[in-house]
Structures are given as C-alpha cells and as structure tokens.
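In what follows, a structure is listed as structure tokens, so that the remarks can point back to it.
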Amino acid sequence: MSLEHILLGLLQQPASGYDLKDAFNETVAHFWSAELSQIYPTLKRLEERELLRSRLEPSPKGPDRRVYTLTGEGRAELRRWVRGGPVVGAERFAYLAQLYFMSAADDLRETRAFMMDLRDHLASRLAELRTIEGKIFAVHGDQPDRYSDDGFHRFATLRMGIDSIGAKVTWCDLTLAAIDRRLAPSEPAP
C-alpha cells in the first residue's frame, strides 16, 4: 500500500492538500498517517503521472488554494489497486522496538511508566474511534450491513481500528500487571 493510493482514494471528491490532511485525521488515521510534507510531493507526482489534475481556487482564508481532482486514469489506477487483492506487508510499531530494547534503561519502573504512557495514548485513540462509531450509529443506525456500499466499507475499517487498538490496550494492561508482579517482591505496593 502506498500514500499515492490512499490519496487517490481520498480524492474521489476534489480537495486541497490541507483538506487531505484533515481527511487523514478524520477518516483513515487508525490505519494510515501522513504529514503535509509527504502529501504535497506525492500530489505533485500523481499530477505529473496524470492520475490527477489541479486548479487554483479562491480560498476563504487567504491566498488561493490548489484543489486536486482525480482524472480518468487516476480512477482506473484506484480501481486496479483495490481489485488487486490484499496488500499485506510488515507493520512497523516503533513502540515495540523501544520495548524490545527497554532493558537498556536498567529500571523496570521506567518500563512501567513507558507502558502507562503507551496505554494512555492507545486508550485515548480508542475513545476517539468509539466516538466516531457512536456518531455513525446515531446518523445511520447500528446495522452496518444495511449501509451504502461506501459506508459499509468505511465502517469495516473503523471496526478494525477499534478492535485492533482495543487488543493493544488489553495487551498493555496484561503487560502492566506482569510488570507489577515483577516489581512486587522488591517494592512495597503503592
């Protein structure tokens, strides 16, 4: 999977680079992230490949903004990508690499603090996704099998985010409990 394909998917409706950054945060952040410094060069490459085109439009807040639209070739590439079968690659979790080498800190209390910070971060993200789910249910009902095709597919990815992050929060809790058991013989309980 590439940022190019994510942008093609998000550009099924015309958008500026800033609009796309907002769309990342509001729709796909539970499985993909990108910064403006990545988005703009990628948009330029897509335009050079004639997968999208752009035009300047007046902006309500300052200088004109560049708005991008998919071309026929861009829609064809998006269809090719989604029909090409699952793209399964190695996921990277920097926090797992940190934890893997955490013994270098030489203090299990630091591991515990690290895991608490990670749990808090994940629990916050999980709460955000559950809020989004609640809003969807309030507007569209709680039977995703009756949603439009677009709504169904988007909801399916949201559920994966909720389930995946929920499992990570559970893993944090189990790891924290194990750390507490390891610390118990050497420290009085707080």
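Letters A, B, ... mark the chains of the structure tokens in the order given; residue numbers begin at 1 per chain; ligand numbers begin at 1, in order shown.
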Which residues, written as a list in words, have at least one atom at most 7 Å from A:Val169, with only C-alpha atoms counted and residues fewer than 3 positions away on the same chain left out?
Arg119, Leu122, Ala123, Ile165, Gly166, Cys172 and Asp173 of chain A
Residues of stretch 69-104 of chain A in helix (DSSP H, G or I), written as JSON, numbers by chain:
{"A": [72, 73, 74, 75, 76, 77, 78, 79, 80, 81, 82, 83, 94, 95, 96, 97, 98, 99, 100, 102, 103, 104]}
Would you output that residue set with N, CA and C atoms, as a PDB file, in the first residue's frame?
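Result saved to part-v9.pdb:
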```pdb
ATOM      1  N   GLY A  72      -9.523  10.359 -15.196  1.00  0.00           N
ATOM      2  CA  GLY A  72      -9.977   9.011 -15.560  1.00  0.00           C
ATOM      3  C   GLY A  72      -8.895   7.991 -15.298  1.00  0.00           C
ATOM      4  N   GLU A  73      -7.644   8.358 -15.589  1.00  0.00           N
ATOM      5  CA  GLU A  73      -6.526   7.444 -15.329  1.00  0.00           C
ATOM      6  C   GLU A  73      -6.348   7.211 -13.830  1.00  0.00           C
ATOM      7  N   GLY A  74      -6.593   8.246 -13.045  1.00  0.00           N
ATOM      8  CA  GLY A  74      -6.487   8.108 -11.595  1.00  0.00           C
ATOM      9  C   GLY A  74      -7.549   7.169 -11.039  1.00  0.00           C
ATOM     10  N   ARG A  75      -8.778   7.297 -11.546  1.00  0.00           N
ATOM     11  CA  ARG A  75      -9.854   6.394 -11.120  1.00  0.00           C
ATOM     12  C   ARG A  75      -9.534   4.954 -11.530  1.00  0.00           C
ATOM     13  N   ALA A  76      -8.983   4.791 -12.715  1.00  0.00           N
ATOM     14  CA  ALA A  76      -8.619   3.451 -13.185  1.00  0.00           C
ATOM     15  C   ALA A  76      -7.524   2.852 -12.302  1.00  0.00           C
ATOM     16  N   GLU A  77      -6.542   3.662 -11.902  1.00  0.00           N
ATOM     17  CA  GLU A  77      -5.475   3.182 -11.025  1.00  0.00           C
ATOM     18  C   GLU A  77      -6.031   2.807  -9.664  1.00  0.00           C
ATOM     19  N   LEU A  78      -6.952   3.605  -9.144  1.00  0.00           N
ATOM     20  CA  LEU A  78      -7.572   3.293  -7.861  1.00  0.00           C
ATOM     21  C   LEU A  78      -8.331   1.963  -7.956  1.00  0.00           C
ATOM     22  N   ARG A  79      -9.087   1.774  -9.013  1.00  0.00           N
ATOM     23  CA  ARG A  79      -9.813   0.507  -9.201  1.00  0.00           C
ATOM     24  C   ARG A  79      -8.843  -0.665  -9.320  1.00  0.00           C
ATOM     25  N   ARG A  80      -7.761  -0.484 -10.071  1.00  0.00           N
ATOM     26  CA  ARG A  80      -6.771  -1.547 -10.223  1.00  0.00           C
ATOM     27  C   ARG A  80      -6.201  -1.935  -8.866  1.00  0.00           C
ATOM     28  N   TRP A  81      -5.892  -0.932  -8.056  1.00  0.00           N
ATOM     29  CA  TRP A  81      -5.292  -1.171  -6.746  1.00  0.00           C
ATOM     30  C   TRP A  81      -6.265  -1.907  -5.822  1.00  0.00           C
ATOM     31  N   VAL A  82      -7.520  -1.449  -5.744  1.00  0.00           N
ATOM     32  CA  VAL A  82      -8.452  -2.098  -4.814  1.00  0.00           C
ATOM     33  C   VAL A  82      -8.842  -3.487  -5.289  1.00  0.00           C
ATOM     34  N   ARG A  83      -8.774  -3.745  -6.581  1.00  0.00           N
ATOM     35  CA  ARG A  83      -9.104  -5.066  -7.115  1.00  0.00           C
ATOM     36  C   ARG A  83      -7.905  -6.009  -7.132  1.00  0.00           C
ATOM     37  N   ALA A  94       7.035   1.347  16.231  1.00  0.00           N
ATOM     38  CA  ALA A  94       8.247   1.849  16.880  1.00  0.00           C
ATOM     39  C   ALA A  94       8.229   1.583  18.380  1.00  0.00           C
ATOM     40  N   TYR A  95       7.055   1.679  19.003  1.00  0.00           N
ATOM     41  CA  TYR A  95       6.985   1.455  20.445  1.00  0.00           C
ATOM     42  C   TYR A  95       7.356   0.021  20.812  1.00  0.00           C
ATOM     43  N   LEU A  96       7.089  -0.952  19.920  1.00  0.00           N
ATOM     44  CA  LEU A  96       7.503  -2.324  20.206  1.00  0.00           C
ATOM     45  C   LEU A  96       9.017  -2.465  20.138  1.00  0.00           C
ATOM     46  N   ALA A  97       9.637  -1.749  19.209  1.00  0.00           N
ATOM     47  CA  ALA A  97      11.102  -1.771  19.152  1.00  0.00           C
ATOM     48  C   ALA A  97      11.677  -1.152  20.425  1.00  0.00           C
ATOM     49  N   GLN A  98      11.071  -0.063  20.896  1.00  0.00           N
ATOM     50  CA  GLN A  98      11.536   0.538  22.149  1.00  0.00           C
ATOM     51  C   GLN A  98      11.394  -0.444  23.306  1.00  0.00           C
ATOM     52  N   LEU A  99      10.235  -1.087  23.390  1.00  0.00           N
ATOM     53  CA  LEU A  99      10.017  -2.039  24.473  1.00  0.00           C
ATOM     54  C   LEU A  99      10.989  -3.215  24.382  1.00  0.00           C
ATOM     55  N   TYR A 100      11.239  -3.671  23.170  1.00  0.00           N
ATOM     56  CA  TYR A 100      12.150  -4.803  22.965  1.00  0.00           C
ATOM     57  C   TYR A 100      13.522  -4.529  23.589  1.00  0.00           C
ATOM     58  N   MET A 102      14.072  -2.160  25.978  1.00  0.00           N
ATOM     59  CA  MET A 102      13.871  -1.377  27.202  1.00  0.00           C
ATOM     60  C   MET A 102      14.801  -1.793  28.332  1.00  0.00           C
ATOM     61  N   SER A 103      15.319  -2.995  28.297  1.00  0.00           N
ATOM     62  CA  SER A 103      16.235  -3.401  29.376  1.00  0.00           C
ATOM     63  C   SER A 103      17.473  -2.511  29.408  1.00  0.00           C
ATOM     64  N   ALA A 104      17.727  -1.790  28.329  1.00  0.00           N
ATOM     65  CA  ALA A 104      18.854  -0.847  28.324  1.00  0.00           C
ATOM     66  C   ALA A 104      18.633   0.287  29.324  1.00  0.00           C
TER      67      ALA A 104
END
```
